>>> print(open('input35.cif').read())   # mmCIF, C-alpha atoms
data_model
loop_
_atom_site.label_atom_id
_atom_site.label_comp_id
_atom_site.auth_asym_id
_atom_site.auth_seq_id
_atom_site.Cartn_x
_atom_site.Cartn_y
_atom_site.Cartn_z
CA MET A 893 110.01 115.43 100.43
CA ASN A 894 111.18 118.68 102.02
CA SER A 895 114.92 118.68 102.64
CA MET A 896 114.92 121.37 105.32
CA CYS A 897 117.57 120.80 107.97
CA PHE A 898 116.31 120.33 111.50
CA ASP A 899 119.69 120.12 113.23
CA ALA A 900 118.94 123.39 115.05
CA LEU A 901 116.22 121.58 116.99
CA ARG A 902 117.19 119.76 120.17
CA TRP A 903 116.61 116.07 119.50
CA SER A 904 116.53 113.55 122.31
CA TRP A 905 115.63 109.95 123.07
CA ALA A 906 114.25 109.04 126.48
CA THR A 907 112.09 106.57 128.30
CA LEU A 908 109.15 108.04 130.18
CA ALA A 909 111.02 107.48 133.45
CA GLU A 910 113.92 109.60 132.14
CA LEU A 911 111.73 112.58 131.24
CA SER A 912 111.19 115.41 133.70
CA SER A 913 107.65 116.16 134.77
CA LEU A 914 107.59 119.20 132.44
CA GLU A 915 108.85 117.12 129.50
CA THR A 916 106.25 114.45 130.21
CA TYR A 917 103.56 117.12 130.37
CA ALA A 918 104.72 118.55 127.01
CA LEU A 919 104.65 115.09 125.43
CA LEU A 920 101.16 114.28 126.65
CA ARG A 921 99.91 117.79 125.84
CA LEU A 922 101.11 117.71 122.23
CA ARG A 923 99.56 114.30 121.63
CA GLN A 924 96.31 115.36 123.31
CA ASP A 925 96.13 118.60 121.32
CA VAL A 926 96.50 116.74 118.03
CA PHE A 927 95.00 113.28 118.51
CA VAL A 928 92.13 114.13 120.86
CA VAL A 929 91.27 117.80 120.24
CA GLU A 930 92.29 118.48 116.61
CA GLN A 931 91.15 115.08 115.33
CA SER A 932 88.02 115.09 117.55
CA CYS A 933 88.83 111.61 118.76
CA ILE A 934 87.99 110.72 122.33
CA TYR A 935 90.32 107.96 123.46
CA ALA A 936 92.70 107.21 126.32
CA ASP A 937 96.11 108.36 125.07
CA ALA A 938 97.75 107.34 128.35
CA ASP A 939 97.49 103.65 127.47
CA GLY A 940 100.26 102.29 129.71
CA ARG A 941 102.47 101.49 126.73
CA ASP A 942 104.50 104.71 127.11
CA LEU A 943 106.06 103.06 130.15
CA VAL A 944 107.86 100.50 127.96
CA ALA A 945 108.61 102.69 124.92
CA GLU A 946 111.43 104.98 123.97
CA HIS A 947 110.39 108.45 122.87
CA VAL A 948 112.07 110.60 120.25
CA LEU A 949 111.46 114.27 120.94
CA ALA A 950 112.19 117.42 118.92
CA TRP A 951 112.35 120.67 120.85
CA GLU A 952 112.58 124.27 119.77
CA GLY A 953 113.63 125.92 122.99
CA ALA A 954 111.13 124.78 125.63
CA GLU A 955 108.46 123.87 123.05
CA LEU A 956 108.01 120.24 122.02
CA VAL A 957 107.37 120.39 118.26
CA ALA A 958 107.35 116.67 117.35
CA CYS A 959 107.55 113.26 118.96
CA ALA A 960 107.02 109.56 118.39
CA ARG A 961 107.37 106.41 120.41
CA LEU A 962 109.38 103.34 119.54
CA PHE A 963 109.01 99.84 120.90
CA PRO A 964 112.28 97.94 120.37
CA PRO A 965 112.08 94.64 118.49
CA ARG A 966 110.12 91.74 119.87
CA ALA A 967 111.40 88.17 119.59
CA ASP A 968 110.30 88.12 115.92
CA GLY A 969 112.63 91.04 115.14
CA GLU A 970 109.86 93.57 114.51
CA ALA A 971 109.97 97.02 116.12
CA VAL A 972 106.88 99.21 116.33
CA ILE A 973 106.63 102.99 115.89
CA GLY A 974 103.55 104.85 117.07
CA ARG A 975 102.06 108.13 118.27
CA VAL A 976 103.90 110.04 115.53
CA VAL A 977 102.96 113.69 115.89
CA VAL A 978 104.12 117.08 114.62
CA ALA A 979 102.80 120.33 116.09
CA PRO A 980 100.41 122.07 113.67
CA SER A 981 102.68 125.13 113.36
CA TRP A 982 105.53 122.88 112.15
CA ARG A 983 103.70 120.85 109.51
CA GLY A 984 104.54 121.07 105.84
CA ARG A 985 108.25 121.66 106.41
CA GLY A 986 109.47 118.06 106.38
CA LEU A 987 109.77 117.65 110.12
CA GLY A 988 107.65 114.49 110.03
CA TYR A 989 110.21 112.89 107.70
CA ALA A 990 113.10 113.91 109.94
CA LEU A 991 111.25 112.50 112.96
CA MET A 992 110.45 109.21 111.24
CA GLN A 993 113.97 108.84 109.86
CA ARG A 994 115.35 109.08 113.39
CA ALA A 995 112.85 106.52 114.69
CA VAL A 996 113.49 104.10 111.82
CA ASP A 997 117.27 104.51 112.09
CA ARG A 998 117.17 103.75 115.80
CA ALA A 999 114.95 100.70 115.28
CA LEU A 1000 117.05 99.27 112.45
CA HIS A 1001 120.57 100.28 113.43
CA GLU A 1002 120.66 100.58 117.20
CA HIS A 1003 118.13 97.83 117.95
CA ALA A 1004 118.87 95.69 114.86
CA ALA A 1005 115.19 95.28 114.00
CA GLN A 1006 114.44 93.17 110.93
CA THR A 1007 111.22 95.08 110.22
CA VAL A 1008 109.38 98.13 111.55
CA TRP A 1009 105.59 98.13 111.81
CA LEU A 1010 103.16 101.00 112.31
CA SER A 1011 99.45 101.65 112.30
CA ALA A 1012 99.11 104.53 109.85
CA GLN A 1013 96.15 106.82 109.51
CA ALA A 1014 95.01 105.97 105.98
CA HIS A 1015 95.40 109.53 104.68
CA LEU A 1016 99.12 109.31 105.53
CA GLN A 1017 99.80 106.21 103.41
CA ARG A 1018 101.79 108.21 100.83
CA PHE A 1019 103.87 109.91 103.54
CA TYR A 1020 104.89 106.59 105.08
CA GLY A 1021 105.28 105.04 101.63
CA GLN A 1022 107.91 107.66 100.77
CA LEU A 1023 109.86 106.38 103.78
CA GLY A 1024 109.75 102.82 102.43
CA PHE A 1025 106.74 101.49 104.34
CA ALA A 1026 104.25 99.30 102.46
CA VAL A 1027 100.69 98.32 103.36
CA CYS A 1028 100.78 94.81 104.85
CA GLY A 1029 97.13 94.00 105.50
CA GLU A 1030 93.54 95.14 105.38
CA GLY A 1031 92.50 98.60 106.49
CA TYR A 1032 90.57 99.00 109.74
CA LEU A 1033 88.94 101.62 111.92
CA GLU A 1034 90.76 102.66 115.06
CA ASP A 1035 88.93 105.21 117.19
CA ALA A 1036 86.66 105.90 114.16
CA ILE A 1037 89.65 106.85 111.97
CA PRO A 1038 90.61 104.67 108.97
CA HIS A 1039 94.03 103.06 109.48
CA LEU A 1040 96.34 100.80 107.51
CA PRO A 1041 98.93 98.37 108.83
CA MET A 1042 102.29 99.24 107.26
CA ARG A 1043 105.67 97.54 107.45
CA LEU A 1044 109.21 98.49 106.50
CA ARG A 1045 111.76 95.76 105.89
CA SER A 1046 115.34 96.64 106.84
CA ASP A 1047 116.41 96.17 103.21
CA ARG A 1048 113.85 98.78 102.05
CA ALA A 1049 114.87 101.55 104.45
CA ARG A 1050 115.65 104.87 102.77
#
>>> encode(input="input35.cif", output="structure tokens")
Amino acid sequence: MNSMCFDALRWSWATLAELSSLETYALLRLRQDVFVVEQSCIYADADGRDLVAEHVLAWEGAELVACARLFPPRADGEAVIGRVVVAPSWRGRGLGYALMQRAVDRALHEHAAQTVWLSAQAHLQRFYGQLGFAVCGEGYLEDAIPHLPMRLRSDRAR
């Protein structure tokens, strides 16, 4: 795990309603560039769920370099993290870990989630495993990409 410090980035949490139109555009653009264009996966990213999620955003100046969305815990105590993305020019530096640590910390400490669930692209199993997530079911295809359900219990958080 890269231990590079990302405190120089501007980190923020916001609901979609709290984002400016330019911030919303940057969020949707980064996700589209990676999930639709780079991964050659045609799907509707604007799925309506952004409206009820919190978004963690990492900015370098006016450029959005990473983001993820968090759904606070349901009645069963499980929070969900999704749409985890790091701009291509920022990969390999540990920013994904810093992003996920912020999302997990918010879920577990600010929302008191018992567990955190995510749908991981299968090739990222090791990445999420290093954060304490474990596979919790059978793999499946989502938009023609192999995925694994993964869960982090609050007592396994790193």
>>> residues_around(input="input35.cif", residues="Glu915 (chain A)", least_positions_apart="4", cutoff="12 Å", atoms="all atoms listed in the file", output="number ranges by chain")
A: 904-911, 919-922, 947-951, 953-957, 959
>>> closest_residue(input="input35.cif", among="A:Asp1047, A:Ser932, A:Arg941, A:Ser912", to="Phe963 (chain A)", atoms="all atoms listed in the file")
A:Arg941
>>> resolve_selection(input="input35.cif", expression="the PyMOL selection byres ((chain A and resi 1026-1039) around 8)", output="PyMOL selection string")
chain A and resi 933-935+1011-1014+1017+1020-1021+1024-1025+1040-1044
>>> residues_around(input="input35.cif", residues="region 981-998 of chain A", least_positions_apart="5", cutoff="10 Å", atoms="all atoms listed in the file", output="VMD selection string")
chain A and resid 893 to 899 903 905 946 to 950 957 to 964 971 to 974 976 1003 to 1005 1007 to 1009 1019 to 1020 1022 to 1023 1044 1046 1049 to 1050
>>> atom_distance(input="input35.cif", atom1="CA of Val944 (chain A)", atom2="CA of Val978 (chain A)")
21.6 Å
>>> axis_aligned_box(input="input35.cif", around="region 952-960 of chain A", padding_each_side="5 Å", output="JSON")
{"center_x": 110.3, "center_y": 117.7, "center_z": 121.5, "size_x": 16.6, "size_y": 26.4, "size_z": 18.3}
>>> atom_distance(input="input35.cif", atom1="CA of Ala999 (chain A)", atom2="CA of Val926 (chain A)")
24.6 Å
>>> atom_distance(input="input35.cif", atom1="CA of His1001 (chain A)", atom2="CA of His1015 (chain A)")
28.2 Å
>>> decode(input="input35.cif", residues="region 965-1006 of chain A", atoms="N, CA and C atoms", output="PDB file, in the first residue's frame")
ATOM      1  N   PRO A 965     -26.119   3.586   6.392  1.00  0.00           N
ATOM      2  CA  PRO A 965     -26.673   2.288   6.763  1.00  0.00           C
ATOM      3  C   PRO A 965     -28.189   2.195   6.634  1.00  0.00           C
ATOM      4  N   ARG A 966     -28.606   1.029   6.160  1.00  0.00           N
ATOM      5  CA  ARG A 966     -30.025   0.688   6.127  1.00  0.00           C
ATOM      6  C   ARG A 966     -30.419   0.214   7.519  1.00  0.00           C
ATOM      7  N   ALA A 967     -31.619  -0.246   7.670  1.00  0.00           N
ATOM      8  CA  ALA A 967     -32.110  -0.733   8.962  1.00  0.00           C
ATOM      9  C   ALA A 967     -31.263  -1.889   9.493  1.00  0.00           C
ATOM     10  N   ASP A 968     -30.649  -2.671   8.605  1.00  0.00           N
ATOM     11  CA  ASP A 968     -29.824  -3.803   9.044  1.00  0.00           C
ATOM     12  C   ASP A 968     -28.409  -3.387   9.450  1.00  0.00           C
ATOM     13  N   GLY A 969     -28.118  -2.087   9.398  1.00  0.00           N
ATOM     14  CA  GLY A 969     -26.817  -1.592   9.824  1.00  0.00           C
ATOM     15  C   GLY A 969     -25.731  -1.637   8.764  1.00  0.00           C
ATOM     16  N   GLU A 970     -26.103  -1.987   7.530  1.00  0.00           N
ATOM     17  CA  GLU A 970     -25.101  -2.104   6.470  1.00  0.00           C
ATOM     18  C   GLU A 970     -25.116  -0.881   5.557  1.00  0.00           C
ATOM     19  N   ALA A 971     -23.952  -0.242   5.436  1.00  0.00           N
ATOM     20  CA  ALA A 971     -23.756   0.863   4.499  1.00  0.00           C
ATOM     21  C   ALA A 971     -23.233   0.276   3.189  1.00  0.00           C
ATOM     22  N   VAL A 972     -23.362   1.035   2.119  1.00  0.00           N
ATOM     23  CA  VAL A 972     -22.909   0.580   0.808  1.00  0.00           C
ATOM     24  C   VAL A 972     -22.032   1.668   0.184  1.00  0.00           C
ATOM     25  N   ILE A 973     -20.884   1.248  -0.340  1.00  0.00           N
ATOM     26  CA  ILE A 973     -19.987   2.142  -1.070  1.00  0.00           C
ATOM     27  C   ILE A 973     -20.001   1.713  -2.530  1.00  0.00           C
ATOM     28  N   GLY A 974     -20.044   2.676  -3.440  1.00  0.00           N
ATOM     29  CA  GLY A 974     -20.040   2.352  -4.852  1.00  0.00           C
ATOM     30  C   GLY A 974     -19.441   3.458  -5.691  1.00  0.00           C
ATOM     31  N   ARG A 975     -19.354   3.185  -6.988  1.00  0.00           N
ATOM     32  CA  ARG A 975     -18.822   4.130  -7.973  1.00  0.00           C
ATOM     33  C   ARG A 975     -17.483   4.708  -7.519  1.00  0.00           C
ATOM     34  N   VAL A 976     -16.605   3.828  -7.053  1.00  0.00           N
ATOM     35  CA  VAL A 976     -15.265   4.222  -6.606  1.00  0.00           C
ATOM     36  C   VAL A 976     -14.406   4.426  -7.846  1.00  0.00           C
ATOM     37  N   VAL A 977     -13.865   5.625  -7.998  1.00  0.00           N
ATOM     38  CA  VAL A 977     -13.108   5.913  -9.216  1.00  0.00           C
ATOM     39  C   VAL A 977     -11.961   6.883  -8.936  1.00  0.00           C
ATOM     40  N   VAL A 978     -10.828   6.594  -9.577  1.00  0.00           N
ATOM     41  CA  VAL A 978      -9.642   7.445  -9.511  1.00  0.00           C
ATOM     42  C   VAL A 978      -9.267   7.782 -10.946  1.00  0.00           C
ATOM     43  N   ALA A 979      -9.002   9.046 -11.200  1.00  0.00           N
ATOM     44  CA  ALA A 979      -8.599   9.478 -12.551  1.00  0.00           C
ATOM     45  C   ALA A 979      -7.349   8.705 -12.986  1.00  0.00           C
ATOM     46  N   PRO A 980      -7.281   8.317 -14.259  1.00  0.00           N
ATOM     47  CA  PRO A 980      -6.134   7.535 -14.744  1.00  0.00           C
ATOM     48  C   PRO A 980      -4.776   8.142 -14.393  1.00  0.00           C
ATOM     49  N   SER A 981      -4.650   9.453 -14.473  1.00  0.00           N
ATOM     50  CA  SER A 981      -3.361  10.101 -14.201  1.00  0.00           C
ATOM     51  C   SER A 981      -2.959  10.042 -12.728  1.00  0.00           C
ATOM     52  N   TRP A 982      -3.872   9.633 -11.860  1.00  0.00           N
ATOM     53  CA  TRP A 982      -3.602   9.566 -10.417  1.00  0.00           C
ATOM     54  C   TRP A 982      -3.468   8.141  -9.903  1.00  0.00           C
ATOM     55  N   ARG A 983      -3.616   7.158 -10.743  1.00  0.00           N
ATOM     56  CA  ARG A 983      -3.552   5.768 -10.294  1.00  0.00           C
ATOM     57  C   ARG A 983      -2.125   5.362  -9.948  1.00  0.00           C
ATOM     58  N   GLY A 984      -2.020   4.364  -9.083  1.00  0.00           N
ATOM     59  CA  GLY A 984      -0.722   3.829  -8.706  1.00  0.00           C
ATOM     60  C   GLY A 984      -0.002   4.619  -7.635  1.00  0.00           C
ATOM     61  N   ARG A 985      -0.658   5.600  -7.055  1.00  0.00           N
ATOM     62  CA  ARG A 985      -0.035   6.431  -6.021  1.00  0.00           C
ATOM     63  C   ARG A 985      -0.650   6.210  -4.637  1.00  0.00           C
ATOM     64  N   GLY A 986      -1.676   5.377  -4.575  1.00  0.00           N
ATOM     65  CA  GLY A 986      -2.332   5.132  -3.290  1.00  0.00           C
ATOM     66  C   GLY A 986      -3.569   5.965  -3.046  1.00  0.00           C
ATOM     67  N   LEU A 987      -3.967   6.758  -4.031  1.00  0.00           N
ATOM     68  CA  LEU A 987      -5.136   7.607  -3.842  1.00  0.00           C
ATOM     69  C   LEU A 987      -6.405   6.782  -3.638  1.00  0.00           C
ATOM     70  N   GLY A 988      -6.509   5.639  -4.291  1.00  0.00           N
ATOM     71  CA  GLY A 988      -7.678   4.786  -4.100  1.00  0.00           C
ATOM     72  C   GLY A 988      -7.832   4.353  -2.647  1.00  0.00           C
ATOM     73  N   TYR A 989      -6.707   4.046  -1.991  1.00  0.00           N
ATOM     74  CA  TYR A 989      -6.752   3.676  -0.572  1.00  0.00           C
ATOM     75  C   TYR A 989      -7.214   4.856   0.276  1.00  0.00           C
ATOM     76  N   ALA A 990      -6.660   6.031   0.014  1.00  0.00           N
ATOM     77  CA  ALA A 990      -7.048   7.220   0.774  1.00  0.00           C
ATOM     78  C   ALA A 990      -8.546   7.509   0.596  1.00  0.00           C
ATOM     79  N   LEU A 991      -9.028   7.361  -0.619  1.00  0.00           N
ATOM     80  CA  LEU A 991     -10.447   7.567  -0.915  1.00  0.00           C
ATOM     81  C   LEU A 991     -11.309   6.567  -0.145  1.00  0.00           C
ATOM     82  N   MET A 992     -10.953   5.290  -0.244  1.00  0.00           N
ATOM     83  CA  MET A 992     -11.728   4.249   0.424  1.00  0.00           C
ATOM     84  C   MET A 992     -11.657   4.382   1.943  1.00  0.00           C
ATOM     85  N   GLN A 993     -10.515   4.757   2.475  1.00  0.00           N
ATOM     86  CA  GLN A 993     -10.410   4.928   3.923  1.00  0.00           C
ATOM     87  C   GLN A 993     -11.351   6.019   4.406  1.00  0.00           C
ATOM     88  N   ARG A 994     -11.478   7.086   3.641  1.00  0.00           N
ATOM     89  CA  ARG A 994     -12.411   8.148   4.026  1.00  0.00           C
ATOM     90  C   ARG A 994     -13.858   7.651   3.969  1.00  0.00           C
ATOM     91  N   ALA A 995     -14.181   6.897   2.924  1.00  0.00           N
ATOM     92  CA  ALA A 995     -15.557   6.392   2.792  1.00  0.00           C
ATOM     93  C   ALA A 995     -15.880   5.395   3.908  1.00  0.00           C
ATOM     94  N   VAL A 996     -14.959   4.490   4.182  1.00  0.00           N
ATOM     95  CA  VAL A 996     -15.175   3.499   5.242  1.00  0.00           C
ATOM     96  C   VAL A 996     -15.268   4.191   6.599  1.00  0.00           C
ATOM     97  N   ASP A 997     -14.362   5.126   6.873  1.00  0.00           N
ATOM     98  CA  ASP A 997     -14.403   5.840   8.153  1.00  0.00           C
ATOM     99  C   ASP A 997     -15.732   6.551   8.356  1.00  0.00           C
ATOM    100  N   ARG A 998     -16.219   7.193   7.309  1.00  0.00           N
ATOM    101  CA  ARG A 998     -17.499   7.900   7.439  1.00  0.00           C
ATOM    102  C   ARG A 998     -18.632   6.910   7.707  1.00  0.00           C
ATOM    103  N   ALA A 999     -18.635   5.795   6.975  1.00  0.00           N
ATOM    104  CA  ALA A 999     -19.689   4.794   7.158  1.00  0.00           C
ATOM    105  C   ALA A 999     -19.670   4.237   8.578  1.00  0.00           C
ATOM    106  N   LEU A1000     -18.479   3.863   9.060  1.00  0.00           N
ATOM    107  CA  LEU A1000     -18.374   3.200  10.358  1.00  0.00           C
ATOM    108  C   LEU A1000     -18.446   4.158  11.536  1.00  0.00           C
ATOM    109  N   HIS A1001     -17.819   5.311  11.421  1.00  0.00           N
ATOM    110  CA  HIS A1001     -17.704   6.202  12.574  1.00  0.00           C
ATOM    111  C   HIS A1001     -18.758   7.305  12.623  1.00  0.00           C
ATOM    112  N   GLU A1002     -19.071   7.891  11.486  1.00  0.00           N
ATOM    113  CA  GLU A1002     -20.070   8.963  11.498  1.00  0.00           C
ATOM    114  C   GLU A1002     -21.491   8.437  11.350  1.00  0.00           C
ATOM    115  N   HIS A1003     -21.636   7.298  10.660  1.00  0.00           N
ATOM    116  CA  HIS A1003     -22.972   6.716  10.474  1.00  0.00           C
ATOM    117  C   HIS A1003     -23.181   5.462  11.320  1.00  0.00           C
ATOM    118  N   ALA A1004     -22.164   5.043  12.047  1.00  0.00           N
ATOM    119  CA  ALA A1004     -22.231   3.874  12.935  1.00  0.00           C
ATOM    120  C   ALA A1004     -22.703   2.607  12.228  1.00  0.00           C
ATOM    121  N   ALA A1005     -22.246   2.417  11.000  1.00  0.00           N
ATOM    122  CA  ALA A1005     -22.591   1.190  10.272  1.00  0.00           C
ATOM    123  C   ALA A1005     -21.952  -0.008  10.964  1.00  0.00           C
ATOM    124  N   GLN A1006     -22.644  -1.139  10.925  1.00  0.00           N
ATOM    125  CA  GLN A1006     -22.100  -2.394  11.461  1.00  0.00           C
ATOM    126  C   GLN A1006     -21.197  -3.063  10.421  1.00  0.00           C
TER     127      GLN A1006
END
